[in-house]
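Here is the file protein.txt (compact mmCIF, C-alpha atoms and all ligand atoms).
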# COMPACT_ATOMS: atom_id res chain seq x y z
CA MET N 11 11.16 -5.43 23.33
CA VAL N 12 8.41 -2.93 22.51
CA TRP N 13 8.73 -1.90 18.87
CA GLN N 14 7.92 1.53 17.45
CA ASP N 15 4.84 0.08 15.73
CA GLY N 16 3.47 -0.93 19.15
CA LYS N 17 4.15 -4.67 18.70
CA GLN N 18 6.01 -6.57 21.38
CA SER N 19 8.49 -9.44 21.29
CA GLN N 20 10.27 -11.51 23.85
CA LEU N 21 13.68 -12.52 22.56
CA PHE N 22 15.51 -15.52 23.98
CA SER N 23 18.98 -14.77 25.40
CA HIS N 24 20.68 -17.64 23.52
CA TRP N 25 19.09 -16.52 20.23
CA LEU N 26 20.38 -12.99 20.76
CA ARG N 27 23.89 -14.19 21.60
CA ASP N 28 23.85 -16.56 18.62
CA HIS N 29 22.86 -13.70 16.30
CA CYS N 30 25.46 -11.27 17.62
CA GLN N 31 26.55 -8.98 14.75
CA MET N 32 29.81 -7.74 16.29
CA PRO N 33 33.12 -8.21 14.43
CA VAL N 34 34.23 -10.79 16.99
CA SER N 35 31.17 -12.90 16.08
CA ARG N 36 30.85 -12.34 12.34
CA ASN N 37 33.38 -11.94 9.57
CA GLU N 38 33.20 -8.29 8.58
CA ASN N 39 33.48 -8.97 4.85
CA ASN N 40 31.16 -11.89 4.28
CA GLY N 41 28.96 -11.75 7.39
CA GLN N 42 29.53 -15.44 8.17
CA ARG N 43 29.36 -16.60 11.77
CA LEU N 44 32.71 -17.19 13.48
CA PHE N 45 31.56 -19.46 16.31
CA SER N 46 29.33 -22.48 16.78
CA ILE N 47 26.44 -23.21 19.10
CA ILE N 48 28.65 -25.15 21.51
CA ASP N 49 30.80 -22.06 22.01
CA ILE N 50 27.84 -20.33 23.65
CA ARG N 51 27.79 -20.98 27.38
CA LYS N 52 24.82 -22.97 28.65
CA ASP N 53 24.60 -20.71 31.72
CA LEU N 54 24.45 -17.56 29.58
CA TYR N 55 22.23 -14.76 30.86
CA ILE N 56 21.58 -11.10 30.10
CA GLU N 57 22.84 -8.77 32.79
CA GLU N 58 21.86 -5.47 31.27
CA VAL N 59 20.11 -3.94 28.24
CA THR N 60 20.72 -0.30 27.41
CA GLN N 61 20.33 2.04 24.44
CA ASP N 62 23.21 4.06 23.05
CA SER N 63 22.92 7.60 21.70
CA GLU N 64 22.02 6.28 18.22
CA GLY N 65 19.19 4.14 19.53
CA ASN N 66 21.08 0.84 19.16
CA VAL N 67 20.25 -1.90 21.63
CA CYS N 68 23.29 -2.88 23.75
CA ILE N 69 23.11 -6.23 25.51
CA LEU N 70 25.63 -7.33 28.10
CA PHE N 71 25.88 -11.12 28.36
CA GLN N 72 27.30 -12.87 31.41
CA PRO N 73 29.23 -14.78 32.59
CA GLU N 74 31.40 -14.16 29.51
CA ASN N 75 31.04 -10.35 29.84
CA HIS N 76 30.26 -10.03 26.14
CA LEU N 77 28.63 -6.91 24.71
CA SER N 78 26.45 -7.18 21.61
CA VAL N 79 25.15 -4.07 19.88
CA PHE N 80 22.14 -4.50 17.60
CA SER N 81 20.46 -1.84 15.50
CA GLN N 82 16.73 -1.68 16.17
CA ASP N 83 16.18 -2.03 12.45
CA TRP N 84 18.08 -5.34 12.32
CA LEU N 85 16.25 -6.69 15.35
CA ARG N 86 12.81 -5.77 13.99
CA LYS N 87 13.55 -7.26 10.55
CA ASN N 88 14.97 -10.46 11.98
CA CYS N 89 12.96 -10.97 15.14
CA TYR N 90 11.58 -14.49 14.91
CA ASP N 91 8.05 -14.04 16.16
CA LEU N 92 7.06 -11.14 13.88
CA ASN N 93 8.50 -12.32 10.57
CA ASN N 94 7.34 -15.09 8.31
CA HIS N 95 9.84 -17.88 7.99
CA PHE N 96 11.78 -17.87 4.75
CA ASP N 97 10.74 -20.54 2.25
CA ASP N 98 10.80 -19.60 -1.40
CA ARG N 99 9.55 -23.10 -2.35
CA SER N 100 6.38 -23.00 -0.25
CA GLU N 101 2.88 -22.92 -1.77
CA LYS N 102 2.21 -19.99 0.56
CA ASN N 103 4.53 -17.80 -1.53
CA LYS N 104 3.13 -18.80 -4.93
CA LYS N 105 0.33 -17.55 -7.14
CA LEU N 106 -1.75 -20.66 -7.71
CA TRP N 107 -3.54 -20.92 -11.03
CA GLN N 108 -5.90 -22.99 -13.12
CA LYS N 109 -7.35 -22.91 -16.63
CA ASN N 110 -9.53 -19.80 -16.23
CA THR N 111 -6.63 -17.81 -14.75
CA PHE N 112 -5.44 -17.53 -18.37
CA ASN N 113 -8.73 -16.78 -20.11
CA ASP N 114 -6.94 -13.96 -21.93
CA GLY N 115 -4.18 -16.28 -23.11
CA VAL N 116 -0.95 -17.56 -21.62
CA PRO N 117 1.60 -14.72 -21.17
CA LYS N 118 4.76 -14.85 -23.27
CA ILE N 119 7.94 -12.81 -23.03
CA SER N 120 9.90 -12.03 -26.16
CA TYR N 121 13.37 -13.50 -26.41
CA ASN N 122 15.02 -10.18 -27.25
CA TYR N 123 13.47 -8.49 -24.22
CA PHE N 124 14.72 -11.34 -22.02
CA HIS N 125 18.15 -11.49 -23.66
CA GLN N 126 18.89 -7.76 -23.73
CA ASN N 127 17.30 -6.40 -20.56
CA ILE N 128 17.60 -7.00 -16.84
CA GLU N 129 13.86 -6.26 -16.61
CA GLY N 130 13.24 -9.06 -19.12
CA LYS N 131 15.29 -11.52 -17.08
CA LEU N 132 13.48 -10.41 -13.93
CA GLN N 133 10.13 -11.01 -15.61
CA VAL N 134 11.14 -14.53 -16.59
CA LEU N 135 12.54 -15.32 -13.14
CA CYS N 136 9.56 -13.85 -11.25
CA SER N 137 7.16 -15.74 -13.48
CA ILE N 138 8.94 -19.04 -12.74
CA ARG N 139 9.04 -18.29 -9.01
CA ASP N 140 5.43 -17.11 -8.69
CA MET N 141 3.52 -18.99 -11.41
CA GLY N 142 5.91 -21.92 -11.80
CA PHE N 143 6.43 -21.39 -15.53
CA CYS N 144 7.30 -18.92 -18.25
CA ILE N 145 7.16 -18.98 -22.05
CA ILE N 146 9.78 -17.17 -24.09
CA LYS N 147 8.75 -16.50 -27.69
CA ASP N 148 10.68 -15.64 -30.86
CA ALA N 149 13.93 -17.29 -29.79
CA PRO N 150 16.31 -18.38 -32.55
CA THR N 151 15.36 -21.87 -33.78
CA LYS N 152 18.95 -22.96 -33.42
CA GLU N 153 20.09 -26.27 -32.00
CA GLY N 154 21.52 -25.82 -28.49
CA GLN N 155 19.67 -22.54 -27.94
CA VAL N 156 18.12 -23.98 -24.81
CA LEU N 157 21.58 -24.20 -23.20
CA ALA N 158 22.32 -20.58 -24.07
CA VAL N 159 19.12 -19.57 -22.28
CA ILE N 160 20.09 -21.54 -19.18
CA LYS N 161 23.49 -19.86 -19.19
CA GLU N 162 21.77 -16.50 -18.82
CA LEU N 163 19.81 -17.72 -15.79
CA GLY N 164 21.79 -20.33 -13.88
CA PHE N 165 23.45 -23.67 -14.51
CA THR N 166 22.67 -26.70 -16.65
CA ARG N 167 21.96 -29.96 -14.82
CA GLU N 168 23.61 -32.66 -16.88
CA THR N 169 22.02 -36.10 -16.58
CA ASN N 170 22.23 -39.51 -18.22
CA TYR N 171 20.21 -37.94 -21.06
CA GLY N 172 23.11 -35.54 -21.65
CA LYS N 173 23.38 -31.78 -21.31
CA LEU N 174 20.37 -31.53 -23.55
CA PHE N 175 17.98 -34.12 -24.89
CA GLU N 176 16.13 -34.42 -28.17
CA VAL N 177 12.39 -34.91 -27.99
CA ARG N 178 11.41 -36.46 -31.30
CA THR N 179 10.16 -39.85 -32.33
CA GLU N 180 12.76 -42.59 -32.20
CA VAL N 181 12.84 -46.29 -33.08
CA ASN N 182 13.00 -48.41 -29.86
CA PRO N 183 13.24 -45.42 -27.55
CA ASN N 184 14.39 -45.85 -23.92
CA ASN N 185 11.63 -43.48 -22.86
CA LEU N 186 8.02 -43.12 -24.06
CA ALA N 187 8.67 -39.38 -24.34
CA TYR N 188 10.51 -40.17 -27.58
CA THR N 189 7.43 -41.56 -29.34
CA ASN N 190 4.35 -39.89 -30.79
CA MET N 191 2.19 -41.14 -27.90
CA GLY N 192 0.29 -38.73 -25.72
CA LEU N 193 1.78 -38.39 -22.25
CA GLY N 194 -0.35 -37.82 -19.16
CA SER N 195 0.44 -35.04 -16.73
CA HIS N 196 3.67 -35.72 -14.92
CA THR N 197 6.74 -34.26 -13.30
CA ASP N 198 10.06 -35.29 -14.82
CA ASN N 199 12.61 -37.66 -13.30
CA PRO N 200 11.07 -38.40 -9.89
CA TYR N 201 13.51 -41.32 -9.82
CA ARG N 202 16.44 -38.92 -9.58
CA ASP N 203 17.82 -37.61 -6.29
CA PRO N 204 17.85 -34.67 -6.29
CA VAL N 205 15.24 -34.19 -8.96
CA PRO N 206 16.07 -31.51 -11.58
CA THR N 207 14.04 -28.57 -10.37
CA VAL N 208 13.73 -26.65 -13.64
CA GLN N 209 12.94 -28.02 -17.07
CA LEU N 210 13.19 -26.23 -20.40
CA LEU N 211 11.69 -27.31 -23.70
CA HIS N 212 12.53 -25.47 -26.89
CA CYS N 213 10.43 -26.05 -30.01
CA LEU N 214 12.60 -26.11 -33.11
CA GLU N 215 10.10 -27.56 -35.52
CA SER N 216 6.44 -28.48 -35.39
CA SER N 217 4.42 -29.48 -38.41
CA THR N 218 2.55 -32.47 -36.99
CA GLU N 219 -1.08 -32.51 -36.01
CA GLY N 220 -1.61 -32.62 -32.25
CA GLY N 221 1.30 -32.62 -29.84
CA ASP N 222 -0.24 -29.79 -27.81
CA SER N 223 1.40 -28.93 -24.51
CA VAL N 224 -0.54 -29.13 -21.27
CA LEU N 225 0.43 -27.67 -17.90
CA VAL N 226 -1.14 -28.22 -14.47
CA ASP N 227 -0.30 -26.30 -11.30
CA GLY N 228 0.56 -29.21 -9.00
CA PHE N 229 0.45 -27.00 -5.91
CA ASN N 230 -3.10 -26.00 -6.80
CA ALA N 231 -3.97 -29.67 -7.38
CA ALA N 232 -2.50 -30.53 -3.95
CA LYS N 233 -4.51 -27.71 -2.37
CA ILE N 234 -7.71 -29.06 -3.92
CA LEU N 235 -6.87 -32.59 -2.79
CA ARG N 236 -6.31 -31.33 0.77
CA GLN N 237 -9.63 -29.41 0.70
CA GLU N 238 -11.53 -32.46 -0.55
CA SER N 239 -9.86 -35.00 1.73
CA SER N 240 -7.32 -34.11 4.37
CA ASP N 241 -6.89 -37.85 4.97
CA ASN N 242 -5.90 -38.53 1.36
CA PHE N 243 -3.55 -35.55 1.41
CA LEU N 244 -1.91 -36.83 4.59
CA THR N 245 -1.62 -40.34 3.13
CA LEU N 246 0.39 -39.05 0.16
CA THR N 247 2.70 -36.97 2.34
CA LYS N 248 3.35 -39.77 4.82
CA ASN N 249 3.69 -42.82 2.55
CA TRP N 250 6.80 -42.75 0.43
CA ILE N 251 7.02 -44.73 -2.78
CA ASN N 252 9.70 -45.89 -5.17
CA PHE N 253 10.38 -44.48 -8.60
CA ARG N 254 12.77 -46.03 -11.06
CA PHE N 255 14.27 -45.51 -14.50
CA LYS N 256 16.23 -48.27 -16.11
CA ASP N 257 17.89 -48.77 -19.45
CA GLU N 258 21.09 -50.57 -20.46
CA GLU N 259 23.41 -48.05 -18.87
CA THR N 260 21.35 -46.45 -16.17
CA ASP N 261 19.41 -47.62 -13.15
CA LEU N 262 18.09 -44.71 -11.11
CA ARG N 263 15.97 -45.26 -8.02
CA SER N 264 14.41 -43.06 -5.39
CA ARG N 265 12.01 -43.34 -2.48
CA VAL N 266 10.05 -40.15 -2.01
CA PRO N 267 6.52 -38.90 -1.24
CA MET N 268 4.20 -37.74 -4.02
CA ILE N 269 3.44 -34.62 -2.00
CA GLU N 270 6.18 -33.12 0.15
CA VAL N 271 5.45 -30.59 2.90
CA ASN N 272 7.73 -28.41 5.00
CA ASP N 273 7.81 -28.14 8.79
CA ASN N 274 4.76 -25.84 8.63
CA ASN N 275 2.78 -28.38 6.66
CA GLU N 276 2.94 -26.27 3.49
CA VAL N 277 3.41 -28.01 0.14
CA ILE N 278 6.93 -27.53 -1.24
CA LYS N 279 7.22 -30.29 -3.88
CA VAL N 280 4.96 -32.61 -5.83
CA ARG N 281 5.80 -35.68 -7.89
CA TYR N 282 3.60 -37.60 -10.24
CA ASN N 283 4.71 -39.89 -13.02
CA ASN N 284 2.78 -43.06 -13.81
CA ARG N 285 5.49 -44.25 -16.23
CA SER N 286 8.22 -44.43 -13.65
CA ILE N 287 6.53 -45.49 -10.43
CA ASP N 288 8.32 -48.66 -9.35
CA THR N 289 6.75 -51.48 -7.32
CA ILE N 290 4.65 -49.84 -4.63
CA ASN N 291 5.83 -51.34 -1.40
CA LEU N 292 3.93 -50.29 1.71
CA PRO N 293 2.78 -52.04 4.87
CA ALA N 294 -0.33 -54.16 4.17
CA VAL N 295 -2.51 -52.04 6.48
CA LYS N 296 -1.75 -48.94 4.45
CA ILE N 297 -2.16 -50.23 0.91
CA ARG N 298 -5.94 -49.66 0.50
CA SER N 299 -5.91 -46.14 1.86
CA PHE N 300 -2.84 -45.38 -0.24
CA TYR N 301 -4.60 -46.53 -3.42
CA SER N 302 -7.69 -44.44 -2.77
CA ALA N 303 -5.51 -41.36 -2.08
CA TYR N 304 -3.38 -42.07 -5.17
CA ARG N 305 -6.50 -42.39 -7.36
CA HIS N 306 -7.97 -39.19 -5.92
CA TRP N 307 -4.69 -37.35 -6.60
CA GLY N 308 -4.59 -38.68 -10.17
CA GLU N 309 -8.20 -37.59 -10.76
CA VAL N 310 -7.60 -34.08 -9.48
CA ILE N 311 -4.51 -33.70 -11.68
CA GLU N 312 -6.46 -34.74 -14.79
CA ARG N 313 -9.39 -32.33 -14.21
CA ASP N 314 -9.98 -30.20 -17.25
CA GLN N 315 -10.48 -26.98 -15.27
CA LEU N 316 -6.94 -27.27 -13.94
CA LYS N 317 -5.25 -27.67 -17.32
CA ILE N 318 -3.90 -25.04 -19.64
CA THR N 319 -3.41 -26.31 -23.18
CA PHE N 320 -1.46 -24.56 -25.91
CA GLN N 321 0.74 -25.28 -28.87
CA LEU N 322 4.41 -24.65 -28.36
CA LEU N 323 5.41 -22.94 -31.60
CA PRO N 324 8.81 -23.01 -33.29
CA GLY N 325 11.03 -20.48 -31.49
CA GLU N 326 9.16 -20.83 -28.21
CA ILE N 327 10.85 -22.06 -25.05
CA ILE N 328 8.89 -23.12 -22.03
CA LEU N 329 10.64 -23.07 -18.66
CA PHE N 330 8.93 -24.59 -15.65
CA ASP N 331 9.41 -25.51 -12.02
CA ASN N 332 9.56 -29.31 -12.13
CA THR N 333 8.81 -29.55 -8.40
CA ARG N 334 5.46 -27.82 -8.91
CA VAL N 335 4.15 -27.79 -12.48
CA MET N 336 3.10 -30.99 -14.18
CA HIS N 337 3.34 -31.21 -17.94
CA ALA N 338 1.68 -33.39 -20.53
CA ARG N 339 1.37 -33.56 -24.28
CA THR N 340 -1.34 -34.83 -26.54
CA ALA N 341 -0.58 -37.52 -29.13
CA PHE N 342 0.61 -36.30 -32.50
CA SER N 343 0.41 -37.53 -36.06
CA LYS N 344 3.17 -39.56 -37.67
CA LYS N 345 3.06 -37.16 -40.62
CA GLY N 346 5.10 -34.01 -40.32
CA LYS N 347 7.98 -33.27 -38.00
CA ARG N 348 8.10 -32.39 -34.34
CA HIS N 349 11.44 -31.59 -32.82
CA LEU N 350 12.00 -30.18 -29.36
CA GLN N 351 15.22 -29.86 -27.42
CA GLY N 352 15.01 -30.08 -23.66
CA ALA N 353 17.40 -29.48 -20.79
CA TYR N 354 17.35 -29.24 -17.03
CA ALA N 355 18.53 -26.56 -14.65
CA ASP N 356 17.95 -25.84 -10.97
CA LEU N 357 15.84 -23.39 -9.06
CA ASP N 358 18.57 -22.42 -6.61
CA GLY N 359 20.65 -20.81 -9.38
CA LEU N 360 17.60 -19.00 -10.77
CA TYR N 361 16.47 -17.75 -7.36
CA SER N 362 20.00 -16.62 -6.59
CA LEU N 363 20.10 -14.50 -9.75
CA LEU N 364 16.62 -13.16 -8.99
CA ASN N 365 17.71 -12.12 -5.48
CA ILE N 366 20.84 -10.43 -6.82
CA LEU N 367 19.02 -8.58 -9.63
CA GLN N 368 16.29 -7.45 -7.24
CA SER N 369 18.82 -6.21 -4.68
CA LYS N 370 20.44 -4.04 -7.38
CA GLN N 371 17.18 -2.37 -8.41
FE FE N 401 8.33 -34.91 -19.33

Mind turning this structure into structure tokens?
Amino acid sequence: MVWQDGKQSQLFSHWLRDHCQMPVSRNENNGQRLFSIIDIRKDLYIEEVTQDSEGNVCILFQPENHLSVFSQDWLRKNCYDLNNHFDDRSEKNKKLWQKNTFNDGVPKISYNYFHQNIEGKLQVLCSIRDMGFCIIKDAPTKEGQVLAVIKELGFTRETNYGKLFEVRTEVNPNNLAYTNMGLGSHTDNPYRDPVPTVQLLHCLESSTEGGDSVLVDGFNAAKILRQESSDNFLTLTKNWINFRFKDEETDLRSRVPMIEVNDNNEVIKVRYNNRSIDTINLPAVKIRSFYSAYRHWGEVIERDQLKITFQLLPGEIILFDNTRVMHARTAFSKKGKRHLQGAYADLDGLYSLLNILQSKQ
């Protein structure tokens, strides 16, 4: 094919037949394919390609004598060698950031703007997709508000912690998150499969000293690690480790890499949580190189220039991509009260709404 913009493509006969858009091949209402790969003949070939009066490309396939008509527009938009592959999780499609990206302050979107306007929802969703996080300010400081926010964006992911969880100090907590200790940068629940991909934290009350929130762009940290040592980067993508959470009623285990890449070697997920790494079990020849890569990764994540630090104020809700953004909090005083409610949701629901809202604009 020679396109109108002068570019050229060679399109494989089986790909063209497989992507036939005719009513015999696709359901007219939902566009879903009506046949499978094994229905396409192995000895398929193209006998003839012509153009109709409207400029559509008509392809006659033999030996089945099947005619497919493609619009040039569809072919150009879908042709596999001129379009980037789709991957809305890839680092390639994100805006990576670090501390000085937000020298003018961390952006916040007002709750009313989000709640009452499609543009407000789009801003929140685009911010989560592109930056990996968003802060909503001036939300009602009402218990359960975090679930109402999720309802506007997607679906709650219920876990063993419930539909929502309380983050405040507890006696004999099952998780160090429920103490006044500082917590190092981490992603939540790496022991869960699949991991919750969105986390929300809503500040209801905060009168303690300390307890600041810290965020790190894990994709940026992975990029820096790869620049500084491609060997260490590779080690963390190729050596999978165990994570575990255990209390009286729950025993969750996973085996996953700390840095996950797609088939184009682009980062799509990161995991880091020193509290829940289980026994590291790797072949003896790999253990030293794993530990030096793991240490390097930990050092990059804790670099000050990568961290944004702020106080989550009452009425503020932070939403973040738990496959990308690491969060931490500084220790806080025992005097005063600090009460957050958290919940999980998933990126697929959020991206779905974003796609639908954008297609209506
Ligand atoms: Fe956490």

Take every atom of stretch 265-274 of chain N listed in the file, fit an axis-aligned box around them, add 6 Å per side, and give the centre and edge lengths in Å to one decimal as AutoDock Vina command-line options.
--center_x 7.7 --center_y -34.6 --center_z 2.4 --size_x 20.6 --size_y 29.5 --size_z 24.8

Mind giving me the straight-line distance from atom CA of N:Ser223 to atom CA of N:Ile318 in Å, one decimal?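 Answer for the atom CA of N:Ser223 to atom CA of N:Ile318 separation: 8.2 Å.
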
Given the choices N:Asn93, N:Asn75, N:Asn284, N:Asn39, which gets closest to ligand FE 401 (chain N) if the distance is worked out from all atoms listed in the file? N:Asn284

Nearby residues (only C-alpha atoms) at most 10 Å from stretch 94-106 of chain N, same-chain spacing under 5 positions excluded, as an NGL selection string: :N and (88-89 or 111 or 137-142 or 227-233 or 271-272 or 274-279 or 331 or 333-334 or 357-358 or 361)

Could you list, as a list of chain:residue names, all residues that come within 9 Å of ligand FE 401 (chain N)? Count only C-alpha atoms and all ligand atoms.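 What falls inside 9 Å of ligand FE 401 (chain N) is N:Ala187, N:Leu193, N:Ser195, N:His196, N:Thr197, N:Asp198, N:Asn199, N:Gln209, N:Asn283, N:Met336, N:His337, N:Ala338, N:Arg339.
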
Neighbouring residues of stretch 305-307 of chain N were defined as those with any atom within 10 Å, considering only C-alpha atoms; residues of the same chain fewer than 3 positions away were excluded. Please report them as a PyMOL selection string. chain N and resi 228+231-232+234-236+238-239+242-243+246+268-269+282+299-302+310-312

Find the distance between atom CA of N:Val226 and atom CA of N:Arg313 and write it in Å to one decimal.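 Computing the Euclidean distance for atom CA of N:Val226 and atom CA of N:Arg313 yields 9.2 Å.
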
Atom CA of N:Thr169 to atom CA of N:Gln126, straight-line distance in Å: 29.4 Å

Of the listed residues N:Asp28, N:Cys213, N:Val116, N:Gln14, that which approaches N:Gln82 most closely, counting all atoms listed in the file: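 Smallest distance to N:Gln82 is found for N:Gln14.
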
Supply stretch 70-79 of chain N as a tab-separated table (two decimals), in the frame of the given file, with all heavy atoms built in where the input has gaps.
chain	number	residue	atom	x	y	z
N	70	LEU	N	24.44	-6.79	27.42
N	70	LEU	CA	25.63	-7.33	28.10
N	70	LEU	C	25.32	-8.75	28.57
N	70	LEU	O	24.41	-8.96	29.38
N	70	LEU	CB	26.00	-6.43	29.29
N	70	LEU	CG	27.28	-6.82	30.02
N	70	LEU	CD1	28.52	-6.72	29.12
N	70	LEU	CD2	27.46	-5.95	31.27
N	71	PHE	N	26.08	-9.71	28.01
N	71	PHE	CA	25.88	-11.12	28.36
N	71	PHE	C	26.89	-11.54	29.42
N	71	PHE	O	28.08	-11.19	29.34
N	71	PHE	CB	26.08	-12.01	27.13
N	71	PHE	CG	25.05	-11.82	26.05
N	71	PHE	CD1	25.31	-10.99	24.96
N	71	PHE	CD2	23.83	-12.46	26.11
N	71	PHE	CE1	24.38	-10.83	23.96
N	71	PHE	CE2	22.88	-12.30	25.11
N	71	PHE	CZ	23.16	-11.47	24.03
N	72	GLN	N	26.43	-12.28	30.39
N	72	GLN	CA	27.30	-12.87	31.41
N	72	GLN	C	27.09	-14.38	31.38
N	72	GLN	O	26.09	-14.83	30.87
N	72	GLN	CB	26.96	-12.31	32.81
N	72	GLN	CG	27.20	-10.83	32.96
N	72	GLN	CD	28.68	-10.43	32.84
N	72	GLN	OE1	29.57	-11.26	32.62
N	72	GLN	NE2	28.95	-9.14	32.95
N	73	PRO	N	28.01	-15.18	31.88
N	73	PRO	CA	29.23	-14.78	32.59
N	73	PRO	C	30.41	-14.42	31.69
N	73	PRO	O	31.49	-14.12	32.19
N	73	PRO	CB	29.55	-16.04	33.42
N	73	PRO	CG	28.93	-17.17	32.70
N	73	PRO	CD	27.75	-16.63	31.96
N	74	GLU	N	30.23	-14.42	30.35
N	74	GLU	CA	31.40	-14.16	29.51
N	74	GLU	C	31.72	-12.67	29.39
N	74	GLU	O	32.74	-12.30	28.80
N	74	GLU	CB	31.20	-14.79	28.12
N	74	GLU	CG	29.96	-14.30	27.42
N	74	GLU	CD	29.77	-14.91	26.04
N	74	GLU	OE1	30.76	-15.29	25.40
N	74	GLU	OE2	28.62	-14.98	25.60
N	75	ASN	N	30.83	-11.80	29.91
N	75	ASN	CA	31.04	-10.35	29.84
N	75	ASN	C	31.16	-9.89	28.39
N	75	ASN	O	32.07	-9.16	28.02
N	75	ASN	CB	32.30	-9.97	30.64
N	75	ASN	CG	32.22	-8.52	31.09
N	75	ASN	OD1	31.11	-8.02	31.37
N	75	ASN	ND2	33.34	-7.84	31.17
N	76	HIS	N	30.22	-10.35	27.56
N	76	HIS	CA	30.26	-10.03	26.14
N	76	HIS	C	29.19	-8.99	25.82
N	76	HIS	O	28.03	-9.15	26.21
N	76	HIS	CB	30.01	-11.31	25.31
N	76	HIS	CG	29.86	-11.04	23.85
N	76	HIS	ND1	30.94	-10.96	23.00
N	76	HIS	CD2	28.76	-10.83	23.08
N	76	HIS	CE1	30.50	-10.71	21.78
N	76	HIS	NE2	29.18	-10.63	21.80
N	77	LEU	N	29.59	-7.96	25.08
N	77	LEU	CA	28.63	-6.91	24.71
N	77	LEU	C	28.25	-7.06	23.24
N	77	LEU	O	29.11	-7.11	22.36
N	77	LEU	CB	29.25	-5.52	24.94
N	77	LEU	CG	28.32	-4.35	24.63
N	77	LEU	CD1	27.24	-4.20	25.70
N	77	LEU	CD2	29.12	-3.05	24.48
N	78	SER	N	26.95	-7.16	22.99
N	78	SER	CA	26.45	-7.18	21.61
N	78	SER	C	25.66	-5.91	21.37
N	78	SER	O	24.83	-5.54	22.20
N	78	SER	CB	25.51	-8.35	21.37
N	78	SER	OG	26.18	-9.56	21.44
N	79	VAL	N	25.91	-5.27	20.24
N	79	VAL	CA	25.15	-4.07	19.88
N	79	VAL	C	24.34	-4.38	18.63
N	79	VAL	O	24.90	-4.76	17.60
N	79	VAL	CB	26.11	-2.88	19.62
N	79	VAL	CG1	25.31	-1.62	19.24
N	79	VAL	CG2	26.97	-2.61	20.85
